[in-house]
Each structure stands twice: as C-alpha cells, then as structure tokens.
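What's in protein-v9.tsv: TSV, C-alpha atoms
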```tsv
chain	number	residue	atom	x	y	z
A	700	MET	CA	36.91	39.87	17.50
A	701	THR	CA	37.27	37.12	14.99
A	702	THR	CA	34.73	36.05	12.51
A	703	ILE	CA	34.49	32.48	11.51
A	704	ALA	CA	33.74	32.05	7.88
A	705	VAL	CA	30.93	29.64	7.37
A	706	PRO	CA	31.03	28.17	3.91
A	707	TYR	CA	27.90	29.25	2.15
A	708	ALA	CA	26.56	26.58	-0.09
A	709	ALA	CA	22.90	27.44	-0.37
A	710	PRO	CA	22.39	26.79	-4.09
A	711	LEU	CA	23.92	23.33	-3.91
A	712	GLY	CA	22.39	22.66	-0.50
A	713	SER	CA	18.86	23.55	-1.48
A	714	GLN	CA	19.22	21.54	-4.65
A	715	GLN	CA	20.33	18.57	-2.61
A	716	LEU	CA	17.40	19.01	-0.26
A	717	GLU	CA	14.99	19.06	-3.16
A	718	GLU	CA	16.52	15.91	-4.56
A	719	GLU	CA	16.26	14.25	-1.18
A	720	ALA	CA	12.63	15.23	-0.90
A	721	THR	CA	11.69	13.89	-4.32
A	722	GLN	CA	13.73	10.70	-4.28
A	723	PRO	CA	12.20	7.80	-2.37
A	724	LYS	CA	13.85	6.88	0.91
A	725	LYS	CA	15.79	3.64	1.00
A	726	LEU	CA	16.16	0.97	3.66
A	727	SER	CA	18.64	-1.89	3.42
A	728	MET	CA	18.62	-4.81	5.78
A	729	VAL	CA	20.90	-7.78	6.36
A	730	VAL	CA	18.78	-10.70	7.53
A	731	PHE	CA	21.39	-12.92	9.17
A	732	SER	CA	19.23	-14.65	11.76
A	733	GLY	CA	17.04	-17.63	11.03
A	734	ASP	CA	15.09	-17.22	14.27
A	735	MET	CA	11.34	-16.89	14.03
A	736	ASP	CA	11.10	-13.85	16.33
A	737	LYS	CA	13.87	-11.92	14.61
A	738	ALA	CA	12.42	-12.79	11.22
A	739	LEU	CA	9.08	-11.43	12.40
A	740	ALA	CA	10.76	-8.13	13.28
A	741	ALA	CA	12.59	-8.06	9.93
A	742	PHE	CA	9.43	-8.61	7.87
A	743	VAL	CA	7.32	-6.19	9.95
A	744	ILE	CA	9.93	-3.45	9.47
A	745	ALA	CA	10.33	-4.24	5.77
A	746	THR	CA	6.59	-4.17	5.05
A	747	GLY	CA	6.07	-1.09	7.21
A	748	ALA	CA	8.87	0.78	5.44
A	749	ALA	CA	7.62	-0.26	1.99
A	750	ALA	CA	4.10	0.86	2.92
A	751	SER	CA	5.58	4.20	4.01
A	752	GLY	CA	7.05	4.69	0.56
A	753	ALA	CA	10.59	3.40	1.06
A	754	GLN	CA	12.50	1.20	-1.36
A	755	VAL	CA	13.44	-1.80	0.71
A	756	THR	CA	16.20	-4.36	0.13
A	757	MET	CA	16.46	-7.48	2.28
A	758	PHE	CA	19.76	-9.34	1.96
A	759	PHE	CA	19.36	-12.88	3.29
A	760	THR	CA	22.58	-14.46	4.45
A	761	PHE	CA	23.67	-17.40	6.57
A	762	TRP	CA	20.85	-18.62	8.86
A	763	GLY	CA	18.60	-15.97	7.34
A	764	LEU	CA	18.54	-17.98	4.11
A	765	LYS	CA	16.11	-20.37	5.83
A	766	LEU	CA	13.46	-17.67	5.50
A	767	VAL	CA	13.62	-17.74	1.71
A	768	GLN	CA	14.19	-21.46	1.24
A	769	ARG	CA	11.43	-23.69	-0.03
A	770	GLY	CA	12.17	-26.15	2.77
A	771	LYS	CA	13.59	-29.07	0.85
A	772	LEU	CA	16.53	-30.92	2.35
A	773	ALA	CA	19.68	-29.25	1.11
A	774	GLY	CA	23.23	-30.58	0.79
A	775	ARG	CA	25.24	-32.84	-1.47
A	776	SER	CA	28.27	-33.84	0.56
A	777	LEU	CA	28.05	-35.74	3.87
A	778	PHE	CA	28.43	-32.58	5.95
A	779	GLY	CA	26.18	-30.64	3.62
A	780	ARG	CA	23.41	-33.22	4.06
A	781	MET	CA	23.89	-33.30	7.83
A	782	MET	CA	23.66	-29.52	7.84
A	783	GLY	CA	20.53	-29.64	5.71
A	784	ALA	CA	18.84	-32.13	8.02
A	785	MET	CA	19.75	-30.33	11.25
A	786	ASN	CA	19.09	-26.88	9.87
A	787	ARG	CA	16.03	-27.44	7.78
A	788	GLY	CA	15.05	-24.37	5.76
A	789	GLY	CA	11.64	-22.92	5.06
A	790	VAL	CA	9.68	-20.21	6.76
A	791	GLU	CA	7.45	-22.77	8.52
A	792	ALA	CA	10.42	-24.60	10.03
A	793	VAL	CA	12.05	-21.72	11.92
A	794	GLY	CA	11.76	-21.51	15.71
A	795	PRO	CA	12.03	-18.63	18.18
A	796	SER	CA	15.44	-17.58	19.54
A	797	ARG	CA	14.32	-18.42	23.08
A	798	PHE	CA	11.97	-21.07	24.47
A	799	ASN	CA	11.97	-23.23	21.36
A	800	PHE	CA	12.20	-26.50	23.36
A	801	LEU	CA	12.83	-28.66	20.28
A	802	GLY	CA	9.93	-27.23	18.32
A	803	VAL	CA	7.31	-26.92	21.06
A	804	GLY	CA	8.06	-23.20	21.30
A	805	ARG	CA	7.60	-22.79	17.56
A	806	TRP	CA	4.19	-24.41	17.75
A	807	LEU	CA	3.23	-22.33	20.78
A	808	PHE	CA	4.39	-19.09	19.17
A	809	LYS	CA	2.45	-19.82	15.99
A	810	ARG	CA	-0.65	-20.52	18.05
A	811	MET	CA	-0.27	-17.36	20.10
A	812	MET	CA	0.33	-15.25	17.00
A	813	LYS	CA	-2.77	-16.70	15.41
A	814	SER	CA	-4.94	-16.11	18.47
A	815	HIS	CA	-3.77	-12.48	18.59
A	816	ASN	CA	-4.40	-12.14	14.88
A	817	VAL	CA	-0.75	-11.35	14.05
A	818	SER	CA	0.15	-12.26	10.48
A	819	SER	CA	2.25	-15.39	10.03
A	820	LEU	CA	5.78	-15.18	8.65
A	821	ALA	CA	4.63	-16.64	5.34
A	822	GLU	CA	1.88	-14.00	5.07
A	823	LEU	CA	4.29	-11.19	5.95
A	824	ARG	CA	6.83	-12.45	3.42
A	825	GLN	CA	4.13	-12.50	0.73
A	826	MET	CA	3.04	-9.01	1.77
A	827	ALA	CA	6.65	-7.83	1.46
A	828	ALA	CA	6.88	-9.28	-2.05
A	829	ASP	CA	3.56	-7.66	-3.03
A	830	LEU	CA	4.81	-4.29	-1.77
A	831	GLY	CA	7.90	-4.55	-3.95
A	832	VAL	CA	10.45	-5.35	-1.25
A	833	ARG	CA	13.55	-6.56	-3.07
A	834	MET	CA	14.75	-9.86	-1.62
A	835	ILE	CA	18.27	-10.95	-2.48
A	836	ALA	CA	20.27	-13.93	-1.27
A	837	CYS	CA	23.93	-14.35	-0.41
A	838	GLN	CA	25.84	-16.49	-2.91
A	839	MET	CA	28.64	-17.36	-0.51
A	840	SER	CA	26.37	-18.68	2.25
A	841	MET	CA	24.46	-20.70	-0.31
A	842	ASP	CA	27.72	-22.27	-1.48
A	843	VAL	CA	28.83	-23.06	2.08
A	844	MET	CA	25.50	-24.61	3.06
A	845	GLU	CA	25.05	-26.28	-0.35
A	846	ILE	CA	21.72	-24.63	-1.01
A	847	PRO	CA	20.92	-24.58	-4.75
A	848	ARG	CA	19.14	-21.61	-6.37
A	849	GLU	CA	16.17	-23.88	-7.12
A	850	ASP	CA	15.64	-24.34	-3.39
A	851	LEU	CA	14.94	-20.62	-2.93
A	852	ILE	CA	11.45	-19.21	-3.36
A	853	PRO	CA	10.85	-17.43	-6.72
A	854	GLU	CA	10.35	-14.08	-4.92
A	855	VAL	CA	14.13	-13.92	-4.45
A	856	ALA	CA	15.15	-11.50	-7.20
A	857	ASP	CA	18.84	-12.28	-7.32
A	858	VAL	CA	21.73	-14.19	-5.76
A	859	VAL	CA	24.54	-11.75	-5.09
A	860	GLY	CA	27.67	-10.90	-3.11
A	861	VAL	CA	28.53	-8.33	-0.50
A	862	ALA	CA	29.36	-5.54	-2.98
A	863	THR	CA	25.78	-5.52	-4.24
A	864	PHE	CA	24.49	-5.12	-0.72
A	865	ILE	CA	27.00	-2.37	0.07
A	866	GLU	CA	25.96	-0.47	-3.04
A	867	GLN	CA	22.35	-0.55	-1.81
A	868	ALA	CA	23.31	0.24	1.79
A	869	GLN	CA	25.35	3.29	0.79
A	870	GLN	CA	22.30	4.76	-0.93
A	871	SER	CA	20.10	4.08	2.11
A	872	GLN	CA	19.12	6.35	4.97
A	873	THR	CA	18.42	3.34	7.17
A	874	THR	CA	20.46	0.15	7.39
A	875	LEU	CA	19.72	-2.72	9.73
A	876	PHE	CA	21.36	-5.99	10.68
A	877	ILE	CA	18.94	-8.53	12.05
B	419	MET	CA	-16.61	17.15	12.14
B	420	LEU	CA	-16.79	18.46	8.62
B	421	GLU	CA	-18.62	16.21	6.20
B	422	THR	CA	-16.18	15.02	3.57
B	423	LYS	CA	-16.85	12.77	0.65
B	424	VAL	CA	-15.47	9.31	1.38
B	425	ASP	CA	-14.24	7.38	-1.64
B	426	LYS	CA	-13.35	4.13	0.07
B	427	VAL	CA	-14.19	2.50	3.38
B	428	LEU	CA	-11.74	0.08	5.00
B	429	ASP	CA	-12.45	-2.24	7.89
B	430	LEU	CA	-9.16	-2.88	9.69
B	431	LYS	CA	-10.66	-4.08	12.95
B	432	GLY	CA	-8.75	-6.94	14.56
B	433	LEU	CA	-5.66	-6.40	12.43
B	434	LEU	CA	-2.30	-5.73	14.05
B	435	CYS	CA	0.93	-4.00	13.05
B	436	PRO	CA	2.01	-3.70	10.26
B	437	VAL	CA	-1.17	-4.72	8.43
B	438	PRO	CA	-3.32	-1.57	8.98
B	439	VAL	CA	-0.61	0.68	7.53
B	440	VAL	CA	0.04	-1.73	4.66
B	441	LYS	CA	-3.67	-1.93	3.78
B	442	VAL	CA	-4.09	1.85	3.88
B	443	SER	CA	-1.02	2.37	1.69
B	444	GLN	CA	-2.21	-0.22	-0.82
B	445	ALA	CA	-5.75	1.18	-0.90
B	446	ILE	CA	-4.64	4.78	-1.35
B	447	LYS	CA	-2.40	3.91	-4.30
B	448	ALA	CA	-5.44	2.61	-6.14
B	449	LEU	CA	-7.29	5.94	-5.71
B	450	PRO	CA	-6.77	9.27	-7.49
B	451	ILE	CA	-5.14	12.27	-5.78
B	452	GLY	CA	-7.66	14.04	-3.56
B	453	ALA	CA	-9.52	10.82	-2.72
B	454	VAL	CA	-10.43	10.10	0.89
B	455	ILE	CA	-10.33	6.79	2.75
B	456	GLU	CA	-12.28	6.23	5.94
B	457	ALA	CA	-11.08	3.32	8.05
B	458	THR	CA	-11.95	1.71	11.35
B	459	ALA	CA	-9.34	-0.15	13.40
B	460	THR	CA	-8.92	-1.66	16.85
B	461	ASP	CA	-5.11	-1.68	17.09
B	462	PRO	CA	-4.24	1.33	19.33
B	463	GLY	CA	-0.90	1.51	17.48
B	464	VAL	CA	-2.64	3.20	14.54
B	465	LEU	CA	-3.11	6.36	16.64
B	466	ALA	CA	0.61	7.01	16.28
B	467	ASP	CA	1.29	5.03	13.12
B	468	ILE	CA	-1.24	6.48	10.70
B	469	PRO	CA	-0.05	10.08	11.28
B	470	ALA	CA	3.59	8.84	11.00
B	471	TRP	CA	2.77	7.02	7.76
B	472	ALA	CA	1.10	10.16	6.42
B	473	ARG	CA	4.18	12.27	7.24
B	474	SER	CA	6.48	9.75	5.51
B	475	THR	CA	4.37	9.47	2.39
B	476	GLY	CA	3.20	13.09	2.15
B	477	ASN	CA	-0.48	12.28	2.55
B	478	GLU	CA	-2.91	13.95	4.94
B	479	VAL	CA	-4.78	12.71	8.00
B	480	LEU	CA	-8.10	14.56	8.01
B	481	SER	CA	-9.25	13.12	11.31
B	482	ILE	CA	-8.42	10.37	13.76
B	483	GLU	CA	-10.51	9.64	16.81
B	484	ARG	CA	-11.04	6.87	19.28
B	485	GLN	CA	-14.38	5.80	20.66
B	486	ASN	CA	-14.04	3.03	23.22
B	487	LYS	CA	-11.99	0.41	21.41
B	488	VAL	CA	-12.67	1.50	17.87
B	489	ILE	CA	-10.47	4.06	16.13
B	490	THR	CA	-11.87	5.83	13.11
B	491	PHE	CA	-9.67	7.84	10.80
B	492	ARG	CA	-9.80	9.59	7.47
B	493	VAL	CA	-6.82	10.00	5.20
B	494	LYS	CA	-6.61	11.98	1.99
B	495	ARG	CA	-4.32	11.16	-0.89
B	496	VAL	CA	-2.15	14.22	-1.53
B	497	LYS	CA	0.72	12.61	-3.48
```
Would you mind giving the structure from this file in structure tokens?
Amino acid sequence: MTTIAVPYAAPLGSQQLEEEATQPKKLSMVVFSGDMDKALAAFVIATGAAASGAQVTMFFTFWGLKLVQRGKLAGRSLFGRMMGAMNRGGVEAVGPSRFNFLGVGRWLFKRMMKSHNVSSLAELRQMAADLGVRMIACQMSMDVMEIPREDLIPEVADVVGVATFIEQAQQSQTTLFI
Amino acid sequence: MLETKVDKVLDLKGLLCPVPVVKVSQAIKALPIGAVIEATATDPGVLADIPAWARSTGNEVLSIERQNKVITFRVKRVK
C-alpha cells in the first residue's frame, strides 16, 4: 500500500482564506463593443457587482470608447474626420448590434426600454460612477481614432495602456470581455 | 412574522435590474450596523437577487415574501 503525501499547508492556507474573505472582490472588464445592447449588459454587470461590494474596473477600448465620449466629432486628419463622422461617439448615439436599421432600431430600443422602465445607458453610466466603478480608457485606440482626452467624459479616471488593465485583471476574481 | 424595528422604507416598485440591488446597497451604506430596511418591489428578479446580494456583501435577509405581484423584503446591515 502506498501513501500519497499531501502537502499540508494549513497555516498559510487559512491565512490566505482570511485575507480573501476580508479583501473586497474585484471585477475587471474590457468594454470593446460600442453596441447599445452590449453596453447595457456591461453597465448592468458593473453596477450590480459594485452594489454587491466588488471593486470594478471598466477598460474602454476601440468601439467601446464611444460609451465614454462626449459625442463631439472627433478626428484631425481626413481619415480621422471621416471616422469621427461615421462612428459618432456618445452614449446617446450608439445603436443595437442587431436590427439597428440606420438608427430606427436605436430609437425603438430606447422607447421599449423606457416603456419597461429599464434605466437608460446614460443613467446606468452615472450610477456606475456614483458606485465608484473605475472607468479607464485605452490610449492606443484614442490615438488611432484621433479622440482627444477632452472629448471623454470627466468620469473617466485615467487614460492608460494594456499593462494597467492586466495589473487590475490579475488581481480580479472575475474578468469579462464585452 | 416577527415584528422588527424598521429603520428605512424603500419603494422599489416598477424598477428593474440592476436598480433594486443598487438602491438597497446605497441605502444600507447610509445606515448603522444592525439597521433594517424594508422594501417593496415588483421585479421578480429580486427574489433571487436580494439573497445573492446579501451573501456577497455579508448582510442578512430577514424575510422575503411575494404577495401577488408585490415582493416585500427586509434586510439587516451586518457588515
């Protein structure tokens, strides 16, 4: 009969458990999509997690930047301006990922959300800020799309790179890519 | 049901996810430990979500019951 030695690490283990119990849980999220429906999911999860005591980081990158833009026309170069006009930022300008029909879907979705008493994206974003959700924006995407810092809402705490997000993600129990 | 002292009453009727949980969490932070909130809601999601929220935050659900479309619950601040 063989016995398998199980490493006994109770003192360290229990200490770790205690630390885990006392330290707040963390959730880190990449918000890549600029679609209205996906943004709704992102903000509902972020506010729900923050209300449940988690420290939440939302990293807005690429199309997701639209959700934290003020909605001015961005771009300096010819392509940048074209991009800005075709891809107008601002939480009111985003449409659903399906059935947008050149903006009709956006209008319809907003109406339906209102009639069912679901909070609007702007309300949810404000709620997230009030709950202490940390919103950060991707420097590289902002450079590519020629979005200046001044065009982001003041709730955005910082403009950062991938290493900052990874640092947060590695400390998180939950990570999401939306 | 045992009569407990209620420190704050919240009307969450008509509100949908995630607002009931957010409002409860905000209200409870403003109260001292041991305080009790009584809330009424119409979103059936709160039946699962309020107990889940309480488990995540370490607070206590004293009661949660549904009468027709209205759900009434009491939560106590423990942490």
- For chain A, which residues have at least one atom within 8 Å of chain B, if we go by only C-alpha atoms? Write them as a ChimeraX atom specification, please. /A:743-744,746-747,750-752,816-818
- Task: Quick one: everything within 9 Å of Ser840 (chain A), counting all atoms listed in the file, minus sequence neighbours fewer than 5 positions away in the same chain. Send it as a VMD selection string.
- Result: chain A and resid 760 to 762 764 845 to 846
- Message: When you look at Leu449 (chain B) with a cut-off of 10 Å (counting all atoms listed in the file), what residues show up, excluding the ones that are within fewer than 4 positions of it in the same chain? I need them as an NGL selection string.
- Response: :B and (425-426 or 444-445 or 453-455 or 494-495)
Place a sphere of radius 8 Å on (7.8, -18.9, 11.7) in the file coordinates and name every protein, DNA or RNA residue with an atom inside or on its surface, counting only C-alpha atoms; give the answer as a JSON list (two decimals) with C-alpha atoms, keeping the file's coordinate frame.
```
[["chain", "number", "residue", "atom", "x", "y", "z"],
["A", 734, "ASP", "CA", 15.09, -17.22, 14.27],
["A", 735, "MET", "CA", 11.34, -16.89, 14.03],
["A", 736, "ASP", "CA", 11.10, -13.85, 16.33],
["A", 738, "ALA", "CA", 12.42, -12.79, 11.22],
["A", 739, "LEU", "CA", 9.08, -11.43, 12.40],
["A", 790, "VAL", "CA", 9.68, -20.21, 6.76],
["A", 791, "GLU", "CA", 7.45, -22.77, 8.52],
["A", 792, "ALA", "CA", 10.42, -24.60, 10.03],
["A", 793, "VAL", "CA", 12.05, -21.72, 11.92],
["A", 794, "GLY", "CA", 11.76, -21.51, 15.71],
["A", 795, "PRO", "CA", 12.03, -18.63, 18.18],
["A", 805, "ARG", "CA", 7.60, -22.79, 17.56],
["A", 809, "LYS", "CA", 2.45, -19.82, 15.99],
["A", 819, "SER", "CA", 2.25, -15.39, 10.03],
["A", 820, "LEU", "CA", 5.78, -15.18, 8.65],
["A", 821, "ALA", "CA", 4.63, -16.64, 5.34]]
```
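With CA of Gly763 (chain A) on one side and CA of Asn786 (chain A) on the other, the separation reads 11.2 Å.
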- Write out as a ChimeraX atom specification the residues lying within 10 Å of Ala745 (chain A), counting all atoms listed in the file and excluding same-chain residues fewer than 5 positions away. /A:726-728,739-740,750-751,753-757,823-824,826-828,830,832-833 /B:436
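Here CA of Gly463 (chain B) stands at a distance of 29.8 Å from CA of Val803 (chain A).
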- Suppose you want the space between CA of Leu766 (chain A) and CA of Ser732 (chain A); what is it in Å? 9.0 Å
Output requested as a tab-separated table (two decimals), in the coordinates of the input - region 793-806 of chain A, filled out with N, CA, C and O atoms.
```tsv
chain	number	residue	atom	x	y	z
A	793	VAL	N	11.21	-22.49	10.99
A	793	VAL	CA	12.05	-21.72	11.92
A	793	VAL	C	11.40	-21.60	13.30
A	793	VAL	O	10.18	-21.50	13.42
A	794	GLY	N	12.24	-21.62	14.33
A	794	GLY	CA	11.76	-21.51	15.71
A	794	GLY	C	12.23	-20.23	16.35
A	794	GLY	O	13.14	-19.57	15.84
A	795	PRO	N	11.63	-19.86	17.49
A	795	PRO	CA	12.03	-18.63	18.18
A	795	PRO	C	13.44	-18.74	18.77
A	795	PRO	O	13.92	-19.84	19.03
A	796	SER	N	14.07	-17.58	19.03
A	796	SER	CA	15.44	-17.58	19.54
A	796	SER	C	15.50	-18.04	20.99
A	796	SER	O	16.53	-18.46	21.48
A	797	ARG	N	14.38	-17.92	21.70
A	797	ARG	CA	14.32	-18.42	23.08
A	797	ARG	C	13.07	-19.30	23.21
A	797	ARG	O	12.10	-19.13	22.50
A	798	PHE	N	13.12	-20.20	24.16
A	798	PHE	CA	11.97	-21.07	24.47
A	798	PHE	C	11.50	-21.90	23.27
A	798	PHE	O	10.31	-22.08	23.07
A	799	ASN	N	12.43	-22.39	22.47
A	799	ASN	CA	11.97	-23.23	21.36
A	799	ASN	C	11.63	-24.64	21.85
A	799	ASN	O	10.65	-25.24	21.41
A	800	PHE	N	12.41	-25.15	22.80
A	800	PHE	CA	12.20	-26.50	23.36
A	800	PHE	C	11.93	-27.54	22.27
A	800	PHE	O	10.89	-28.19	22.24
A	801	LEU	N	12.89	-27.66	21.35
A	801	LEU	CA	12.83	-28.66	20.28
A	801	LEU	C	11.54	-28.58	19.45
A	801	LEU	O	10.97	-29.60	19.07
A	802	GLY	N	11.07	-27.38	19.22
A	802	GLY	CA	9.93	-27.23	18.32
A	802	GLY	C	8.61	-26.93	19.02
A	802	GLY	O	7.66	-26.49	18.39
A	803	VAL	N	8.55	-27.21	20.33
A	803	VAL	CA	7.31	-26.92	21.06
A	803	VAL	C	7.06	-25.41	21.07
A	803	VAL	O	5.94	-24.93	20.90
A	804	GLY	N	8.15	-24.66	21.27
A	804	GLY	CA	8.06	-23.20	21.30
A	804	GLY	C	7.56	-22.64	19.98
A	804	GLY	O	6.78	-21.70	19.96
A	805	ARG	N	8.05	-23.23	18.89
A	805	ARG	CA	7.60	-22.79	17.56
A	805	ARG	C	6.09	-22.95	17.43
A	805	ARG	O	5.39	-22.04	17.01
A	806	TRP	N	5.62	-24.11	17.83
A	806	TRP	CA	4.19	-24.41	17.75
A	806	TRP	C	3.39	-23.44	18.62
A	806	TRP	O	2.37	-22.89	18.20
```
